[in-house]
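Asker: The structure that follows is given in the form of structure tokens.
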Amino acid sequence: MKKQIVRFTLNGTPREFAVAANDLLLNVIREQEKLTGTKYGCGIGECGACTVHVDGRPVLSCLKLAVEAEGCEVVTIEGLAQGRELDPLQRSFLDNNAVQCGYCTPGMIMIGRTLLDETPNPTEEEVRSHMRGQLCRCTGYASIAKAVMGAGEYETKAFRMPAE
Ligand code: FES
Ligand code: FES
């Protein structure tokens, strides 16, 4: 299929990609850009594993055409940390043992971040309502809800990943 150029900002860097009209944003992120933190789960909008931010809103990248991202700001899980400083929600996931196999985790963190941006101290009900489209086969959700509710405590504490 004929390719066209789509331009958008990916994790803070203006980029351009040659895409077919039916290429999904998920595939551009994972296959062209090799950013494999964004996961392919169901491919039909049912699991949330592919969640990224587009202009600050959570978007299922398995349902979004790459051409629709023209001119947008796209952020993936790889763009959430500031250099080696984890996002407070990433830190809270670690401390609350909210990760088991980890497959759902990037999507959980991306959508959790959009809740925290609007509601810094959400109730459990708010967390569960906001994240009701995200599926996890491992944790039973309690630790994930706890991690999102507890993220506020890390907002003022920087956490630096160990040097490689
Ligand atoms: S892979 Fe996109 S919602 Fe499941
Ligand atoms: S931690 Fe395994 S699917 Fe959620």
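The chains in the structure tokens are called A, B, ... from first to last as shown; in each chain the residues are counted from 1, and the ligands are counted from 1 in the order shown.
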Name the residues in contact with segment 9-18 of chain A at a cut-off of 8 Å, using only C-alpha atoms, excluding same-chain residues fewer than 3 positions from it; report them as a ChimeraX atom specification.
Answerer: /A:3-6,28,71-76,78-80
Asker: Select the residues contacting ligand 1 at a distance of at most 9 Å, based on only C-alpha atoms and all ligand atoms, then format the selection as a PyMOL selection string.
Answerer: chain A and resi 26+38-51+59-63+133-135
Asker: Would you write out those residues with C-alpha atoms, as a short mmCIF file (atom, residue, chain, number, x, y, z; two decimals), in the first residue's frame?
Answerer:
data_model
loop_
_atom_site.label_atom_id
_atom_site.label_comp_id
_atom_site.auth_asym_id
_atom_site.auth_seq_id
_atom_site.Cartn_x
_atom_site.Cartn_y
_atom_site.Cartn_z
CA LEU A 26 0.47 0.88 18.04
CA THR A 38 3.34 -0.27 24.79
CA LYS A 39 1.79 -3.72 24.64
CA TYR A 40 -0.35 -5.53 22.14
CA GLY A 41 -3.00 -7.42 24.07
CA CYS A 42 -6.39 -7.96 22.45
CA GLY A 43 -6.10 -5.65 19.45
CA ILE A 44 -9.80 -4.79 19.68
CA GLY A 45 -10.00 -2.15 22.39
CA GLU A 46 -10.89 -4.48 25.24
CA CYS A 47 -7.80 -4.73 27.47
CA GLY A 48 -6.04 -1.36 27.69
CA ALA A 49 -2.53 -2.80 27.34
CA CYS A 50 -1.83 -0.49 24.40
CA THR A 51 -2.74 2.77 26.18
CA VAL A 59 -5.84 6.57 23.84
CA LEU A 60 -5.97 2.91 22.84
CA SER A 61 -3.25 2.81 20.21
CA CYS A 62 -4.62 -0.45 18.76
CA LEU A 63 -7.69 1.46 17.66
CA GLY A 133 -11.23 -0.64 30.88
CA GLN A 134 -7.81 -1.98 31.89
CA LEU A 135 -7.46 -5.73 32.33
#
Asker: Env of segment 137-150 of chain A: 12 Å cut, atoms = only C-alpha atoms, seq-sep filter 4 positions within chain, self excluded. Answer as a PyMOL selection string.
Answerer: chain A and resi 41+47+49+87-117+119-132+154-155
Asker: DSSP on the backbone, strand (DSSP E or B) only: what residues of chain A does that give? Format it as a PyMOL selection string.
Answerer: chain A and resi 3-10+13-20+24+51-54+57-60+65+73-75+82+85+160
Asker: Those same residues - N, CA and C atoms - I'd like them written as a compact mmCIF listing (two decimals), in the first residue's frame.
Answerer:
# COMPACT_ATOMS: atom_id res chain seq x y z
N LYS A 3 2.60 4.62 0.80
CA LYS A 3 2.90 5.22 2.12
C LYS A 3 2.75 6.74 2.05
N GLN A 4 2.46 7.31 3.18
CA GLN A 4 2.42 8.76 3.29
C GLN A 4 3.18 9.16 4.56
N ILE A 5 3.55 10.40 4.62
CA ILE A 5 4.31 10.87 5.78
C ILE A 5 3.35 11.43 6.82
N VAL A 6 3.54 10.96 8.07
CA VAL A 6 2.79 11.53 9.18
C VAL A 6 3.80 12.12 10.17
N ARG A 7 3.47 13.29 10.66
CA ARG A 7 4.39 13.96 11.59
C ARG A 7 3.70 14.16 12.93
N PHE A 8 4.37 13.72 13.97
CA PHE A 8 3.88 14.01 15.32
C PHE A 8 5.05 13.97 16.29
N THR A 9 4.81 14.51 17.49
CA THR A 9 5.85 14.52 18.51
C THR A 9 5.75 13.23 19.31
N LEU A 10 6.84 12.49 19.40
CA LEU A 10 6.85 11.23 20.15
C LEU A 10 7.81 11.38 21.32
N THR A 13 9.98 14.46 21.12
CA THR A 13 10.81 14.71 19.94
C THR A 13 9.95 14.74 18.68
N PRO A 14 10.02 15.82 17.89
CA PRO A 14 9.26 15.84 16.63
C PRO A 14 9.78 14.75 15.69
N ARG A 15 8.87 13.96 15.16
CA ARG A 15 9.26 12.83 14.31
C ARG A 15 8.39 12.78 13.06
N GLU A 16 8.89 12.08 12.05
CA GLU A 16 8.04 11.79 10.91
C GLU A 16 8.19 10.33 10.54
N PHE A 17 7.08 9.74 10.11
CA PHE A 17 7.05 8.31 9.80
C PHE A 17 6.35 8.13 8.46
N ALA A 18 6.85 7.17 7.69
CA ALA A 18 6.17 6.76 6.46
C ALA A 18 5.20 5.65 6.84
N VAL A 19 3.92 5.90 6.63
CA VAL A 19 2.91 4.93 7.05
C VAL A 19 1.89 4.70 5.93
N ALA A 20 1.31 3.50 5.96
CA ALA A 20 0.16 3.23 5.09
C ALA A 20 -1.08 3.81 5.76
N LEU A 24 -1.63 1.16 12.19
CA LEU A 24 -2.07 1.58 13.52
C LEU A 24 -0.97 2.33 14.25
N THR A 51 -2.40 1.37 25.89
CA THR A 51 -2.74 2.77 26.18
C THR A 51 -1.51 3.68 26.11
N VAL A 52 -1.66 4.77 25.38
CA VAL A 52 -0.65 5.84 25.33
C VAL A 52 -1.37 7.16 25.56
N HIS A 53 -0.63 8.23 25.65
CA HIS A 53 -1.24 9.56 25.73
C HIS A 53 -1.16 10.23 24.36
N VAL A 54 -2.25 10.79 23.94
CA VAL A 54 -2.27 11.64 22.74
C VAL A 54 -2.86 12.98 23.16
N ARG A 57 -4.43 12.91 26.60
CA ARG A 57 -5.58 12.04 26.87
C ARG A 57 -5.18 10.58 26.66
N PRO A 58 -5.77 9.66 27.44
CA PRO A 58 -5.46 8.24 27.22
C PRO A 58 -6.13 7.74 25.93
N VAL A 59 -5.34 7.06 25.13
CA VAL A 59 -5.84 6.57 23.84
C VAL A 59 -5.40 5.12 23.67
N LEU A 60 -6.30 4.30 23.16
CA LEU A 60 -5.97 2.91 22.84
C LEU A 60 -5.28 2.91 21.47
N LEU A 65 -5.51 5.04 14.11
CA LEU A 65 -4.65 5.04 12.93
C LEU A 65 -3.49 6.01 13.15
N GLU A 73 0.78 15.35 20.14
CA GLU A 73 1.85 15.00 21.09
C GLU A 73 1.54 13.60 21.59
N VAL A 74 2.38 12.65 21.24
CA VAL A 74 2.18 11.26 21.66
C VAL A 74 3.23 10.92 22.72
N VAL A 75 2.77 10.36 23.81
CA VAL A 75 3.69 9.93 24.87
C VAL A 75 3.44 8.46 25.17
N GLN A 82 11.42 11.14 33.67
CA GLN A 82 12.21 12.30 33.27
C GLN A 82 13.68 11.89 33.36
N GLU A 85 14.76 9.71 36.27
CA GLU A 85 13.84 9.87 37.39
C GLU A 85 12.49 9.30 37.04
N ARG A 160 15.56 8.19 41.64
CA ARG A 160 16.49 8.05 40.53
C ARG A 160 16.79 6.58 40.31
Asker: What gap, in Å, lies between atom CA of Arg84 of chain A and atom CA of Ile29 of chain A?
Answerer: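 One can read the atom CA of Arg84 of chain A to atom CA of Ile29 of chain A distance as 21.1 Å.
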Asker: Run DSSP on the backbone and grab whatever in segment 62-109 of chain A lands in alpha helix (DSSP H); send it over as a list in words.
Answerer: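 Filtering segment 62-109 of chain A down to alpha helix (DSSP H) leaves Pro88, Leu89, Gln90, Arg91, Ser92, Phe93, Leu94, Asp95, Thr105, Pro106, Gly107, Met108 and Ile109 of chain A.
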Asker: So the first atom is atom CA of Asp23 of chain A and the second is atom CA of Lys64 of chain A; what is the distance between them in Å, to one decimal place?
Answerer: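 Going from atom CA of Asp23 of chain A over to atom CA of Lys64 of chain A, I get 8.7 Å.
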Asker: Restricting the calculation to only C-alpha atoms and all ligand atoms, which member of A:Cys136, A:Leu86, A:Ala81, A:Ala151 is positioned closest to ligand 2?
Answerer: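 The closest residue to ligand 2 is A:Cys136.
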Asker: Between A:Asp55, A:Leu25, A:Thr36, A:Gly152, single out the one closest to Ile77 of chain A, counting only C-alpha atoms.
Answerer: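 Among A:Asp55, A:Leu25, A:Thr36, A:Gly152, it is A:Thr36 that comes nearest to Ile77 of chain A.
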Asker: Calculate how many Å separate atom CA of Gly56 of chain A from atom CA of Glu118 of chain A, rounding to one decimal.
Answerer: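 One can read the atom CA of Gly56 of chain A to atom CA of Glu118 of chain A distance as 10.9 Å.
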